[in-house]
$ cat run_27.cif   # mmCIF, N, CA and C atoms
data_input
loop_
_atom_site.label_atom_id
_atom_site.label_comp_id
_atom_site.auth_asym_id
_atom_site.auth_seq_id
_atom_site.Cartn_x
_atom_site.Cartn_y
_atom_site.Cartn_z
N GLN A 497 0.85 -1.19 0.00
CA GLN A 497 0.00 0.00 0.00
C GLN A 497 0.88 1.24 0.00
N VAL A 498 0.41 2.27 -0.68
CA VAL A 498 1.15 3.51 -0.79
C VAL A 498 0.32 4.63 -0.19
N GLN A 499 0.94 5.46 0.62
CA GLN A 499 0.26 6.61 1.21
C GLN A 499 1.00 7.87 0.82
N LEU A 500 0.23 8.91 0.54
CA LEU A 500 0.79 10.22 0.20
C LEU A 500 0.18 11.25 1.16
N ALA A 501 1.03 12.06 1.74
CA ALA A 501 0.57 13.06 2.71
C ALA A 501 1.04 14.44 2.27
N GLU A 502 0.09 15.28 1.84
CA GLU A 502 0.42 16.65 1.41
C GLU A 502 0.39 17.60 2.58
N SER A 503 1.15 18.65 2.47
CA SER A 503 1.13 19.72 3.46
C SER A 503 1.58 21.01 2.78
N GLY A 504 1.27 22.15 3.45
CA GLY A 504 1.76 23.43 2.97
C GLY A 504 0.73 24.33 2.33
N GLY A 505 -0.49 23.86 2.18
CA GLY A 505 -1.51 24.73 1.59
C GLY A 505 -1.95 25.81 2.55
N GLY A 506 -2.78 26.72 2.04
CA GLY A 506 -3.27 27.79 2.89
C GLY A 506 -3.77 28.96 2.09
N LEU A 507 -3.94 30.08 2.78
CA LEU A 507 -4.41 31.32 2.18
C LEU A 507 -3.24 32.25 1.94
N VAL A 508 -3.15 32.79 0.74
CA VAL A 508 -2.07 33.70 0.40
C VAL A 508 -2.61 34.81 -0.49
N GLN A 509 -2.00 35.98 -0.40
CA GLN A 509 -2.43 37.10 -1.24
C GLN A 509 -1.88 36.95 -2.65
N PRO A 510 -2.54 37.55 -3.63
CA PRO A 510 -2.01 37.54 -5.00
C PRO A 510 -0.58 38.06 -5.03
N GLY A 511 0.26 37.37 -5.80
CA GLY A 511 1.66 37.73 -5.86
C GLY A 511 2.53 37.03 -4.84
N GLY A 512 1.90 36.35 -3.90
CA GLY A 512 2.63 35.67 -2.85
C GLY A 512 3.13 34.30 -3.27
N SER A 513 3.72 33.61 -2.30
CA SER A 513 4.32 32.30 -2.56
C SER A 513 3.87 31.28 -1.52
N LEU A 514 3.87 30.03 -1.94
CA LEU A 514 3.62 28.90 -1.05
C LEU A 514 4.49 27.75 -1.51
N ARG A 515 4.81 26.87 -0.57
CA ARG A 515 5.55 25.65 -0.90
C ARG A 515 4.77 24.45 -0.40
N LEU A 516 4.40 23.58 -1.32
CA LEU A 516 3.71 22.35 -0.97
C LEU A 516 4.72 21.21 -0.86
N SER A 517 4.43 20.30 0.07
CA SER A 517 5.25 19.10 0.23
C SER A 517 4.35 17.88 0.19
N CYS A 518 4.90 16.78 -0.28
CA CYS A 518 4.17 15.52 -0.30
C CYS A 518 5.13 14.39 0.04
N ALA A 519 4.89 13.77 1.18
CA ALA A 519 5.71 12.65 1.61
C ALA A 519 5.03 11.34 1.23
N VAL A 520 5.78 10.47 0.58
CA VAL A 520 5.26 9.19 0.12
C VAL A 520 5.81 8.08 1.01
N SER A 521 4.94 7.19 1.44
CA SER A 521 5.36 6.07 2.27
C SER A 521 4.73 4.78 1.76
N GLY A 522 5.25 3.65 2.23
CA GLY A 522 4.74 2.36 1.80
C GLY A 522 5.69 1.70 0.84
N THR A 523 5.17 0.79 0.04
CA THR A 523 5.97 0.03 -0.91
C THR A 523 5.75 0.54 -2.33
N PHE A 524 6.81 1.03 -2.95
CA PHE A 524 6.70 1.54 -4.31
C PHE A 524 8.05 1.47 -4.98
N SER A 525 8.02 1.59 -6.30
CA SER A 525 9.24 1.53 -7.07
C SER A 525 9.98 2.86 -7.04
N ARG A 526 11.30 2.78 -6.99
CA ARG A 526 12.11 4.00 -7.08
C ARG A 526 12.07 4.58 -8.49
N ASN A 527 11.66 3.77 -9.44
CA ASN A 527 11.48 4.24 -10.82
C ASN A 527 10.03 4.67 -10.97
N ASN A 528 9.77 5.94 -10.74
CA ASN A 528 8.39 6.40 -10.69
C ASN A 528 8.26 7.82 -11.23
N VAL A 529 7.04 8.25 -11.39
CA VAL A 529 6.74 9.62 -11.77
C VAL A 529 5.89 10.23 -10.64
N MET A 530 6.32 11.35 -10.14
CA MET A 530 5.57 12.05 -9.11
C MET A 530 5.07 13.36 -9.68
N GLY A 531 3.94 13.81 -9.19
CA GLY A 531 3.41 15.03 -9.75
C GLY A 531 2.41 15.72 -8.87
N TRP A 532 2.06 16.91 -9.28
CA TRP A 532 1.03 17.71 -8.62
C TRP A 532 -0.06 18.01 -9.62
N TYR A 533 -1.29 17.86 -9.18
CA TYR A 533 -2.47 18.17 -9.97
C TYR A 533 -3.34 19.10 -9.14
N ARG A 534 -4.28 19.76 -9.79
CA ARG A 534 -5.18 20.63 -9.03
C ARG A 534 -6.57 20.58 -9.62
N GLN A 535 -7.53 20.88 -8.77
CA GLN A 535 -8.92 20.90 -9.20
C GLN A 535 -9.61 22.08 -8.54
N ALA A 536 -10.08 22.98 -9.38
CA ALA A 536 -10.85 24.13 -8.91
C ALA A 536 -12.34 23.78 -8.94
N PRO A 537 -13.15 24.49 -8.15
CA PRO A 537 -14.58 24.20 -8.13
C PRO A 537 -15.20 24.29 -9.52
N GLY A 538 -15.94 23.25 -9.89
CA GLY A 538 -16.61 23.25 -11.18
C GLY A 538 -15.72 22.94 -12.36
N LYS A 539 -14.47 22.61 -12.10
CA LYS A 539 -13.53 22.33 -13.20
C LYS A 539 -12.95 20.92 -13.06
N GLU A 540 -12.41 20.42 -14.16
CA GLU A 540 -11.76 19.12 -14.12
C GLU A 540 -10.37 19.23 -13.50
N ARG A 541 -9.92 18.08 -12.97
CA ARG A 541 -8.57 18.05 -12.43
C ARG A 541 -7.57 18.21 -13.57
N GLU A 542 -6.55 19.03 -13.33
CA GLU A 542 -5.55 19.29 -14.36
C GLU A 542 -4.14 19.09 -13.81
N VAL A 543 -3.23 18.78 -14.70
CA VAL A 543 -1.85 18.60 -14.29
C VAL A 543 -1.20 19.95 -14.05
N VAL A 544 -0.46 20.05 -12.97
CA VAL A 544 0.31 21.24 -12.65
C VAL A 544 1.77 21.02 -13.05
N ALA A 545 2.35 19.94 -12.54
CA ALA A 545 3.74 19.63 -12.85
C ALA A 545 4.02 18.17 -12.51
N VAL A 546 4.93 17.58 -13.27
CA VAL A 546 5.35 16.21 -12.98
C VAL A 546 6.87 16.14 -13.03
N ILE A 547 7.42 15.17 -12.30
CA ILE A 547 8.86 14.99 -12.26
C ILE A 547 9.17 13.50 -12.24
N LEU A 548 10.09 13.10 -13.10
CA LEU A 548 10.50 11.71 -13.15
C LEU A 548 11.55 11.44 -12.07
N SER A 549 11.79 10.17 -11.81
CA SER A 549 12.74 9.83 -10.76
C SER A 549 14.14 10.34 -11.09
N GLY A 550 14.43 10.51 -12.38
CA GLY A 550 15.73 11.02 -12.76
C GLY A 550 15.83 12.54 -12.73
N GLY A 551 14.70 13.22 -12.51
CA GLY A 551 14.72 14.66 -12.37
C GLY A 551 14.11 15.45 -13.51
N SER A 552 13.77 14.80 -14.62
CA SER A 552 13.14 15.53 -15.72
C SER A 552 11.77 16.03 -15.29
N THR A 553 11.42 17.23 -15.77
CA THR A 553 10.18 17.87 -15.34
C THR A 553 9.32 18.30 -16.53
N ASN A 554 8.04 18.48 -16.24
CA ASN A 554 7.12 19.01 -17.24
C ASN A 554 6.05 19.80 -16.50
N TYR A 555 5.62 20.92 -17.09
CA TYR A 555 4.69 21.82 -16.42
C TYR A 555 3.46 22.10 -17.27
N GLY A 556 2.35 22.37 -16.58
CA GLY A 556 1.19 22.87 -17.28
C GLY A 556 1.46 24.28 -17.78
N ASP A 557 0.84 24.65 -18.89
CA ASP A 557 1.13 25.95 -19.50
C ASP A 557 0.83 27.11 -18.57
N SER A 558 -0.19 26.98 -17.75
CA SER A 558 -0.61 28.10 -16.91
C SER A 558 0.35 28.39 -15.76
N VAL A 559 1.26 27.48 -15.47
CA VAL A 559 2.16 27.68 -14.31
C VAL A 559 3.62 27.80 -14.72
N LYS A 560 3.93 27.63 -16.00
CA LYS A 560 5.32 27.70 -16.44
C LYS A 560 5.93 29.05 -16.07
N GLY A 561 7.13 28.99 -15.52
CA GLY A 561 7.82 30.20 -15.13
C GLY A 561 7.47 30.71 -13.73
N ARG A 562 6.43 30.13 -13.13
CA ARG A 562 6.02 30.56 -11.79
C ARG A 562 6.17 29.45 -10.75
N PHE A 563 5.94 28.22 -11.17
CA PHE A 563 6.00 27.08 -10.25
C PHE A 563 7.23 26.24 -10.56
N THR A 564 7.76 25.61 -9.52
CA THR A 564 8.90 24.71 -9.67
C THR A 564 8.65 23.43 -8.88
N ILE A 565 8.74 22.30 -9.57
CA ILE A 565 8.61 21.01 -8.90
C ILE A 565 9.99 20.43 -8.66
N SER A 566 10.16 19.79 -7.52
CA SER A 566 11.43 19.15 -7.20
C SER A 566 11.15 17.93 -6.33
N ARG A 567 12.16 17.10 -6.17
CA ARG A 567 11.97 15.91 -5.35
C ARG A 567 13.25 15.58 -4.61
N ASP A 568 13.09 14.96 -3.46
CA ASP A 568 14.21 14.46 -2.67
C ASP A 568 14.00 12.96 -2.53
N ASN A 569 14.73 12.20 -3.32
CA ASN A 569 14.53 10.76 -3.33
C ASN A 569 14.96 10.09 -2.02
N THR A 570 15.84 10.76 -1.27
CA THR A 570 16.26 10.20 0.02
C THR A 570 15.15 10.31 1.06
N LYS A 571 14.25 11.26 0.85
CA LYS A 571 13.14 11.47 1.78
C LYS A 571 11.80 11.04 1.19
N ASN A 572 11.83 10.53 -0.05
CA ASN A 572 10.58 10.14 -0.73
C ASN A 572 9.56 11.27 -0.70
N THR A 573 10.03 12.46 -1.01
CA THR A 573 9.20 13.65 -0.91
C THR A 573 9.29 14.46 -2.20
N VAL A 574 8.15 14.99 -2.62
CA VAL A 574 8.10 15.87 -3.77
C VAL A 574 7.58 17.22 -3.30
N TYR A 575 8.11 18.28 -3.90
CA TYR A 575 7.78 19.64 -3.50
C TYR A 575 7.22 20.41 -4.69
N LEU A 576 6.44 21.44 -4.38
CA LEU A 576 5.97 22.37 -5.41
C LEU A 576 6.13 23.78 -4.85
N GLN A 577 7.09 24.49 -5.38
CA GLN A 577 7.29 25.89 -5.02
C GLN A 577 6.44 26.74 -5.95
N MET A 578 5.53 27.50 -5.38
CA MET A 578 4.60 28.30 -6.16
C MET A 578 4.86 29.78 -5.88
N ASN A 579 5.26 30.50 -6.91
CA ASN A 579 5.54 31.93 -6.80
C ASN A 579 4.57 32.71 -7.68
N SER A 580 4.48 34.01 -7.42
CA SER A 580 3.63 34.89 -8.21
C SER A 580 2.22 34.32 -8.34
N LEU A 581 1.68 33.91 -7.22
CA LEU A 581 0.37 33.26 -7.24
C LEU A 581 -0.73 34.21 -7.68
N LYS A 582 -1.70 33.64 -8.39
CA LYS A 582 -2.82 34.40 -8.92
C LYS A 582 -4.12 33.82 -8.36
N PRO A 583 -5.19 34.60 -8.34
CA PRO A 583 -6.47 34.07 -7.85
C PRO A 583 -6.90 32.80 -8.60
N GLU A 584 -6.56 32.73 -9.87
CA GLU A 584 -6.94 31.55 -10.66
C GLU A 584 -6.15 30.31 -10.29
N ASP A 585 -5.16 30.44 -9.43
CA ASP A 585 -4.44 29.26 -8.92
C ASP A 585 -5.18 28.61 -7.75
N THR A 586 -6.25 29.25 -7.31
CA THR A 586 -7.04 28.70 -6.21
C THR A 586 -7.62 27.36 -6.60
N ALA A 587 -7.34 26.34 -5.78
CA ALA A 587 -7.79 24.97 -6.08
C ALA A 587 -7.36 24.05 -4.95
N VAL A 588 -7.84 22.83 -5.00
CA VAL A 588 -7.29 21.77 -4.17
C VAL A 588 -6.16 21.13 -4.95
N TYR A 589 -5.00 21.06 -4.34
CA TYR A 589 -3.82 20.50 -4.99
C TYR A 589 -3.60 19.08 -4.48
N TYR A 590 -3.42 18.17 -5.44
CA TYR A 590 -3.26 16.76 -5.13
C TYR A 590 -1.88 16.28 -5.56
N CYS A 591 -1.28 15.48 -4.73
CA CYS A 591 -0.03 14.81 -5.04
C CYS A 591 -0.35 13.45 -5.66
N HIS A 592 0.50 13.00 -6.58
CA HIS A 592 0.27 11.74 -7.28
C HIS A 592 1.59 11.05 -7.53
N ILE A 593 1.57 9.71 -7.44
CA ILE A 593 2.73 8.92 -7.81
C ILE A 593 2.26 7.80 -8.72
N ASN A 594 3.07 7.52 -9.75
CA ASN A 594 2.75 6.47 -10.70
C ASN A 594 3.98 5.59 -10.91
N PHE A 595 3.78 4.29 -10.84
CA PHE A 595 4.85 3.35 -11.13
C PHE A 595 4.25 2.04 -11.59
N PHE A 596 4.86 1.45 -12.58
CA PHE A 596 4.39 0.19 -13.16
C PHE A 596 2.92 0.26 -13.55
N GLY A 597 2.45 1.44 -13.98
CA GLY A 597 1.08 1.60 -14.44
C GLY A 597 0.06 1.79 -13.34
N SER A 598 0.48 1.83 -12.09
CA SER A 598 -0.43 2.05 -10.97
C SER A 598 -0.25 3.46 -10.43
N GLY A 599 -1.38 4.11 -10.15
CA GLY A 599 -1.33 5.47 -9.65
C GLY A 599 -1.99 5.59 -8.29
N PHE A 600 -1.45 6.46 -7.46
CA PHE A 600 -1.97 6.70 -6.12
C PHE A 600 -2.04 8.20 -5.87
N TRP A 601 -3.11 8.60 -5.17
CA TRP A 601 -3.36 10.01 -4.91
C TRP A 601 -3.30 10.32 -3.43
N GLY A 602 -2.89 11.55 -3.13
CA GLY A 602 -3.05 12.07 -1.79
C GLY A 602 -4.45 12.62 -1.61
N GLN A 603 -4.75 13.09 -0.41
CA GLN A 603 -6.09 13.56 -0.11
C GLN A 603 -6.30 15.01 -0.54
N GLY A 604 -5.23 15.70 -0.84
CA GLY A 604 -5.33 17.07 -1.33
C GLY A 604 -5.13 18.10 -0.24
N THR A 605 -4.67 19.26 -0.67
CA THR A 605 -4.50 20.40 0.23
C THR A 605 -5.02 21.65 -0.46
N GLN A 606 -5.78 22.44 0.27
CA GLN A 606 -6.42 23.63 -0.32
C GLN A 606 -5.43 24.79 -0.42
N VAL A 607 -5.40 25.39 -1.59
CA VAL A 607 -4.65 26.63 -1.80
C VAL A 607 -5.64 27.69 -2.24
N THR A 608 -5.68 28.78 -1.50
CA THR A 608 -6.58 29.88 -1.80
C THR A 608 -5.77 31.15 -1.98
N VAL A 609 -5.93 31.78 -3.14
CA VAL A 609 -5.21 33.02 -3.44
C VAL A 609 -6.25 34.14 -3.49
N SER A 610 -6.19 34.99 -2.50
CA SER A 610 -7.20 36.04 -2.39
C SER A 610 -6.67 37.18 -1.55
N SER A 611 -7.13 38.39 -1.88
CA SER A 611 -6.77 39.55 -1.07
C SER A 611 -7.82 39.80 0.00
#

$ encode --input "run_27.cif" --output "structure tokens"
Amino acid sequence: QVQLAESGGGLVQPGGSLRLSCAVSGTFSRNNVMGWYRQAPGKEREVVAVILSGGSTNYGDSVKGRFTISRDNTKNTVYLQMNSLKPEDTAVYYCHINFFGSGFWGQGTQVTVSS
């Protein structure tokens, strides 16, 4: 079984920054893809950023240049540094890990960008 625990969400003003963390525990392959997704009210879940175990990254168009995904394989943790936040970034952010075709989700953490 694989468990993912997100932390770091909250309320921030436009232009501010937040850092999300996701610790993964349980049994999983070191050859995996970890990522962050988000879902705003009334919208479908969308990819924010993904990172392969070797460090390659890919970002959603709406966050390129503002968000940075990273991972610490020694701690089984993935991070999302979010800068220059906008009201449209408001959503529940979910951590995800995929390996051998199996995917697991965290419970999500709320990020609200508002003045």

$ resolve_selection --input "run_27.cif" --expression "the PyMOL selection byres (((chain A and resi 499 and name CA) around 7) and name CA)" --output "PyMOL selection string"
chain A and resi 497-498+500-501+520-522

$ resolve_selection --input "run_27.cif" --expression "the PyMOL selection byres ((chain A and resi 563) around 6)" --output "PyMOL selection string"
chain A and resi 559-562+564-565+577-579

$ select_by_dssp --input "run_27.cif" --residues "segment 530-594 of chain A" --states "strand (DSSP E or B)" --output "MDAnalysis selection string"
chainID A and resid 530:535 542:548 553:555 563:568 573:578 587:594

$ atom_distance --input "run_27.cif" --atom1 "atom C of Ser513 of chain A" --atom2 "atom C of Ser580 of chain A"
7.6 Å

$ closest_residue --input "run_27.cif" --among "A:Gly556, A:Gly511, A:Pro537, A:Gly551" --to "Val588 of chain A" --atoms "all atoms listed in the file"
A:Pro537

$ residues_around --input "run_27.cif" --residues "Gln509 of chain A" --least-positions-apart "5" --cutoff "8 Å" --atoms "only C-alpha atoms" --output "PyMOL selection string"
chain A and resi 581+609-611

$ write_last_selection --input "run_27.cif" --atoms "N, CA and C atoms" --output "PDB file, in the coordinates of the input"
ATOM      1  N   LEU A 581       1.680  33.910  -7.220  1.00  0.00           N
ATOM      2  CA  LEU A 581       0.370  33.260  -7.240  1.00  0.00           C
ATOM      3  C   LEU A 581      -0.730  34.210  -7.680  1.00  0.00           C
ATOM      4  N   VAL A 609      -5.930  31.780  -3.140  1.00  0.00           N
ATOM      5  CA  VAL A 609      -5.210  33.020  -3.440  1.00  0.00           C
ATOM      6  C   VAL A 609      -6.250  34.140  -3.490  1.00  0.00           C
ATOM      7  N   SER A 610      -6.190  34.990  -2.500  1.00  0.00           N
ATOM      8  CA  SER A 610      -7.200  36.040  -2.390  1.00  0.00           C
ATOM      9  C   SER A 610      -6.670  37.180  -1.550  1.00  0.00           C
ATOM     10  N   SER A 611      -7.130  38.390  -1.880  1.00  0.00           N
ATOM     11  CA  SER A 611      -6.770  39.550  -1.070  1.00  0.00           C
ATOM     12  C   SER A 611      -7.820  39.800   0.000  1.00  0.00           C
TER      13      SER A 611
END

$ closest_residue --input "run_27.cif" --among "A:Ala545, A:Ala536, A:Val574, A:Ile593" --to "Cys518 of chain A" --atoms "only N, CA and C atoms"
A:Val574

$ resolve_selection --input "run_27.cif" --expression "the PyMOL selection byres (((chain A and resi 504 and name CA) around 9) and name CA)" --output "list in words"
Glu502, Ser503, Gly505, Gly506, Leu514, Arg515, Leu516, Ser517, Cys518, Thr605, Gln606 and Val607 of chain A

$ residues_around --input "run_27.cif" --residues "Gly597 of chain A" --least-positions-apart "5" --cutoff "12 Å" --atoms "only C-alpha atoms" --output "tab-separated table (two decimals) with N, CA and C atoms, in the frame of the given file"
chain	number	residue	atom	x	y	z
A	524	PHE	N	6.81	1.03	-2.95
A	524	PHE	CA	6.70	1.54	-4.31
A	524	PHE	C	8.05	1.47	-4.98
A	525	SER	N	8.02	1.59	-6.30
A	525	SER	CA	9.24	1.53	-7.07
A	525	SER	C	9.98	2.86	-7.04
A	527	ASN	N	11.66	3.77	-9.44
A	527	ASN	CA	11.48	4.24	-10.82
A	527	ASN	C	10.03	4.67	-10.97
A	528	ASN	N	9.77	5.94	-10.74
A	528	ASN	CA	8.39	6.40	-10.69
A	528	ASN	C	8.26	7.82	-11.23
A	529	VAL	N	7.04	8.25	-11.39
A	529	VAL	CA	6.74	9.62	-11.77
A	529	VAL	C	5.89	10.23	-10.64

$ closest_residue --input "run_27.cif" --among "A:Gly512, A:Ala587, A:Ser552, A:Asp557" --to "Gly538 of chain A" --atoms "only C-alpha atoms"
A:Ala587

$ build_atoms --input "run_27.cif" --residues "segment 553-569 of chain A" --atoms "N, CA, C and O atoms" --output "JSON list (two decimals), in the frame of the given file"
[["chain", "number", "residue", "atom", "x", "y", "z"],
["A", 553, "THR", "N", 11.42, 17.23, -15.77],
["A", 553, "THR", "CA", 10.18, 17.87, -15.34],
["A", 553, "THR", "C", 9.32, 18.30, -16.53],
["A", 553, "THR", "O", 9.83, 18.48, -17.64],
["A", 554, "ASN", "N", 8.04, 18.48, -16.24],
["A", 554, "ASN", "CA", 7.12, 19.01, -17.24],
["A", 554, "ASN", "C", 6.05, 19.80, -16.50],
["A", 554, "ASN", "O", 5.64, 19.40, -15.39],
["A", 555, "TYR", "N", 5.62, 20.92, -17.09],
["A", 555, "TYR", "CA", 4.69, 21.82, -16.42],
["A", 555, "TYR", "C", 3.46, 22.10, -17.27],
["A", 555, "TYR", "O", 3.53, 22.13, -18.50],
["A", 556, "GLY", "N", 2.35, 22.37, -16.58],
["A", 556, "GLY", "CA", 1.19, 22.87, -17.28],
["A", 556, "GLY", "C", 1.46, 24.28, -17.78],
["A", 556, "GLY", "O", 2.21, 25.04, -17.15],
["A", 557, "ASP", "N", 0.84, 24.65, -18.89],
["A", 557, "ASP", "CA", 1.13, 25.95, -19.50],
["A", 557, "ASP", "C", 0.83, 27.11, -18.57],
["A", 557, "ASP", "O", 1.54, 28.12, -18.58],
["A", 558, "SER", "N", -0.19, 26.98, -17.75],
["A", 558, "SER", "CA", -0.61, 28.10, -16.91],
["A", 558, "SER", "C", 0.35, 28.39, -15.76],
["A", 558, "SER", "O", 0.25, 29.45, -15.14],
["A", 559, "VAL", "N", 1.26, 27.48, -15.47],
["A", 559, "VAL", "CA", 2.16, 27.68, -14.31],
["A", 559, "VAL", "C", 3.62, 27.80, -14.72],
["A", 559, "VAL", "O", 4.48, 28.04, -13.87],
["A", 560, "LYS", "N", 3.93, 27.63, -16.00],
["A", 560, "LYS", "CA", 5.32, 27.70, -16.44],
["A", 560, "LYS", "C", 5.93, 29.05, -16.07],
["A", 560, "LYS", "O", 5.32, 30.09, -16.27],
["A", 561, "GLY", "N", 7.13, 28.99, -15.52],
["A", 561, "GLY", "CA", 7.82, 30.20, -15.13],
["A", 561, "GLY", "C", 7.47, 30.71, -13.73],
["A", 561, "GLY", "O", 8.14, 31.60, -13.22],
["A", 562, "ARG", "N", 6.43, 30.13, -13.13],
["A", 562, "ARG", "CA", 6.02, 30.56, -11.79],
["A", 562, "ARG", "C", 6.17, 29.45, -10.75],
["A", 562, "ARG", "O", 6.48, 29.73, -9.59],
["A", 563, "PHE", "N", 5.94, 28.22, -11.17],
["A", 563, "PHE", "CA", 6.00, 27.08, -10.25],
["A", 563, "PHE", "C", 7.23, 26.24, -10.56],
["A", 563, "PHE", "O", 7.66, 26.13, -11.71],
["A", 564, "THR", "N", 7.76, 25.61, -9.52],
["A", 564, "THR", "CA", 8.90, 24.71, -9.67],
["A", 564, "THR", "C", 8.65, 23.43, -8.88],
["A", 564, "THR", "O", 8.38, 23.49, -7.67],
["A", 565, "ILE", "N", 8.74, 22.30, -9.57],
["A", 565, "ILE", "CA", 8.61, 21.01, -8.90],
["A", 565, "ILE", "C", 9.99, 20.43, -8.66],
["A", 565, "ILE", "O", 10.90, 20.59, -9.48],
["A", 566, "SER", "N", 10.16, 19.79, -7.52],
["A", 566, "SER", "CA", 11.43, 19.15, -7.20],
["A", 566, "SER", "C", 11.15, 17.93, -6.33],
["A", 566, "SER", "O", 10.03, 17.76, -5.84],
["A", 567, "ARG", "N", 12.16, 17.10, -6.17],
["A", 567, "ARG", "CA", 11.97, 15.91, -5.35],
["A", 567, "ARG", "C", 13.25, 15.58, -4.61],
["A", 567, "ARG", "O", 14.35, 15.88, -5.09],
["A", 568, "ASP", "N", 13.09, 14.96, -3.46],
["A", 568, "ASP", "CA", 14.21, 14.46, -2.67],
["A", 568, "ASP", "C", 14.00, 12.96, -2.53],
["A", 568, "ASP", "O", 13.17, 12.51, -1.74],
["A", 569, "ASN", "N", 14.73, 12.20, -3.32],
["A", 569, "ASN", "CA", 14.53, 10.76, -3.33],
["A", 569, "ASN", "C", 14.96, 10.09, -2.02],
["A", 569, "ASN", "O", 14.50, 9.00, -1.69]]
